[in-house]
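Visitor: One structure, pasted below without further comment.
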Amino acid sequence: MTRLPLLGIALLAGAAARATPAVAQTVAQADSAAKAAARAGGLPLITTRTLKFSTNEGTWISLDVAPDGNTIVFELLGDLYTLPIGGGAATRITSGPGYDTQPRYAPDGRRLVFLSDRNGSENLWLANADGTEPRALSKAERTNFVSPTWAPDGSYVLVTRAGQLWLHHVDGGSGVQVTGVRPPNAPTTGPAAPAFPALLGAAFSNNPRYVWVNANGNLGGAFQGEVVPDPAAAMGEDEAHGPRSSARRIGTYQIGLFDREQGRTAVRTSESEGAFRPIPSPDGRWLVYATRHDAREGLKLLDLESGEERWLVMDVQRDASQGGADRDVYPGSAFTPDSRALITAYDGKIWRIAVPSGDVTPIPFAAEVEQQLGPLARFDYPINDSTLVVGQVRGARPSPDGRRVTFTALDRLYVADLPPGRGGPGRPAGPAVAPAVAPAVAPAAGGTPTITDARRLTTGDVVEHAPVWSPDGRWVAYVTWNDSSGGDIYRIRTDGAGAPERLTTRSAFYDKISWSPDGSRLLAVRGSRTHRLKTLEDFGNHGPTAELEIVWLPSSGGDARSVAWLGSGATEQGRNVPHFGPDSTRLYVWTGADGLVSMRFDGTDRRTVVRVTGLPAPTGPGRRRPRTKSCSRPTAPRRSSVRTATSS
């Protein structure tokens with residue numbers, strides 16, 4: 001188990017916590033350490049450095065209070081510490097590379113149970129209350145244990161293991177599974193297989209028959225996961241079939257009470273944001289659990305006698321229900337033996353919260369951290385900081401005369417001369433528009449021709465994309481984007497003279513622009529800034545819920561006029577890109593199932609130009625037809641493998 005929190009602390013510790021760099025261990029050393037660890041049941045890490053610093057804060061501290069009420073035990077950076085109940089200097093009672101967490105006192109206060117990976121896998125461990133004589137209680141491999149707690153008689157430890165409750169006797173053994181046991185001959189997969197909720201954060205009530213749990217998942221209809229109805233609240237026939245309000249969504253984590261005799265869990269909370277980590281008081285009067293109020297996390301106090309509940313304290317530790325639960329969804333806390341206060345940790349500190357008043361008193365602590373670290377794995381990698389190789393060039397477009405190319409790289413607009421043999425210098429004089437097929441030219445001496453003189457056309461600091469040339473090659477139009485203000489369509493002279501000119505009058509999200517052959521119009525796709533920010537639709541790909549429309553505007557600038565809604569689809573290979581065709585009074589766009597469609601600039605007179613279809617499915621026994629594709633006209637298709645149609 002890695003010590004990610006430790007790494008974060010090490011970076012903040014400063015010069016006092018720095019250790020002398022050491023060379024990483026060799027393969028032979030690593031192999032030798034692994035063999036020695038296997039024989040000794042330890043970790044193979046070769047420790048060569050020591051990290052030391054003092055702290056009075058900690059993150060995600062799980063703690064417990066001794067039965068005599070005088071001492072707190074808590075975890076900090078994978079080691080266990082004890083602290084007087086009133087605060088002061090903390091004493092480290094476990095150490096080493098192993099990651100020790102979630103300690104709990106035995107009912108007699110003489111021993112501790114905790115989790116540790118000091119033997120290579122996370123397991124249950126027992127130790128004396130001062131950390132001496134540690135021994136493994138379980139010997140599992142690659143199994144996740146969460147939140148161990150003692151049975152009231154002190155002979156067993158109850159722990160969540162792979163999402164279910166297990167009992168382990170203090171004398172050893174493989175443990176007994178308590179929940180999630182499938183009935184005999186029950187299917188293990190499929191709809192008929194029993195579905196069991198995960199049960200975390202177990203805590204015995206003052207009646208050993210019942211265990212408070214944090215249930216997550218299916219809680220209806222299955223053995224071990226059945227919601228027990230309250231007989232006193234049973235609905236009559238009229239109430240059951242009468243008008244009822246709509247169901248309220250509740251969080252997937254809720255507090256439940258597990259009956260050890262019946263094997264059932266009765267859900268006791270219905271928090272819309274979920275409820276986490278039950279903490280019962282020793283006298284059976286109170287139950288504290290964590291939940292959320294909007295974006296704030298708080299602890300709620302439930303009066304088990306009256307059923308009334310209220311907030312105990314707000315703005316506490318954030319739960320981990322939206323992440324992993326490898327250390328439970330909320331840190332462990334504990335009542336004092338007299339049930340008059342809750343000891344918990346949040347905001348980096350340990351606190352005493354009076355019950356039921358909610359008055360908060362800090363319990364200060366100072367801890368000396370000392371961690372043994374492995375060799376510093378540091379390698380030198382040469383980095384060329386004078387030349388940057390761009391890994392992605394977007395929207396490359398050759399100029400109408402084929403001599404230059406424009407593109408975007410690193411969200412900036414560039415133009416460059418094409419190399420000899422690729423339309424650049426040395427190309428024979430010809431028409432303004434490049435021929436459909438350029439003559440084959442051998443690579444220049446020294447390898448493939450490369451562009452070496454790319455230069456920025458602009459000096460702005462916004463995102464620039466989708467460049468297109470004007471038909472005369474004098475302008476490049478492009479779109480911009482800024483999360484704060486949205487985007488616009490601009491044009492700039494290709495000779496570098498003059499500043500960019502804004503063509504659109506209203507900022508939005510623009511993409512997929514094209515220039516009319518006569519240079520008078522620009523086509524584009526437009527969407528709202530808000531929708532793009534919500535759906536993260538970007539230049540090149542749009543989802544089925546995209547709010548996009550085709551617009552056109554004068555090439556010299558002006559109001560964009562709506563043509564038609566575009567819909568979804570990707571833009572690769574020209575799909576969904578509105579463009580001009582042979583008829584200058586119409587625009588063309590690929591629309592998926594409807595094929596290539598043309599329409600006027602006001603969206604009327606919509607025509608299907610060509611549509612791609614497949615052959616019908618074979619009919620009759622033994623009849624097979626080749627699975628090929630064909631293009632078909634909407635009416636009167638010809639008998640041919642490729643069927644095309646043009647609009648009249």
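Following the order of the structure tokens, chains are lettered A, B, ..., residues in each are numbered from 1, and ligands are numbered from 1.
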Would you list the contacts of Pro554 (chain A) as a PyMOL selection string, taking every protein, DNA or RNA residue within 12 Å and counting only C-alpha atoms, but skipping same-chain residues closer than 4 positions in sequence?
Guide: chain A and resi 489-491+502-505+514-516+518-524+558-561
Visitor: For the structure I just gave you, how does DSSP split region 82-288 of chain A - specifically, which residues are strand (DSSP E)? Reply as a PyMOL selection string.
Guide: chain A and resi 82-84+88-89+91-92+101-105+111-116+123-128+135-136+145-150+156-161+164-169+176-177+198-204+210-216+253-259+264-267+275-280+286-288
Visitor: Tell me, as a ChimeraX atom specification, which residues lie within 6 Å of region 99-113 of chain A, counting only C-alpha atoms; anything in the same chain fewer than 3 positions away does not count.
Guide: /A:62,64,66-67,75,78-79,116-117,125-129,150,154
Visitor: Applying 9 Å and only C-alpha atoms, which residues near Gly86 (chain A) remain after dropping the ones on its own chain fewer than 3 positions away? List them as a PyMOL selection string.
Guide: chain A and resi 70-71+83+362-364
Visitor: I'd like to know which of A:Pro500, A:Pro183, A:Pro280, A:Pro152 is closest to Thr458 (chain A), using only C-alpha atoms.
Guide: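 For Thr458 (chain A), the nearest of the candidates is A:Pro500.
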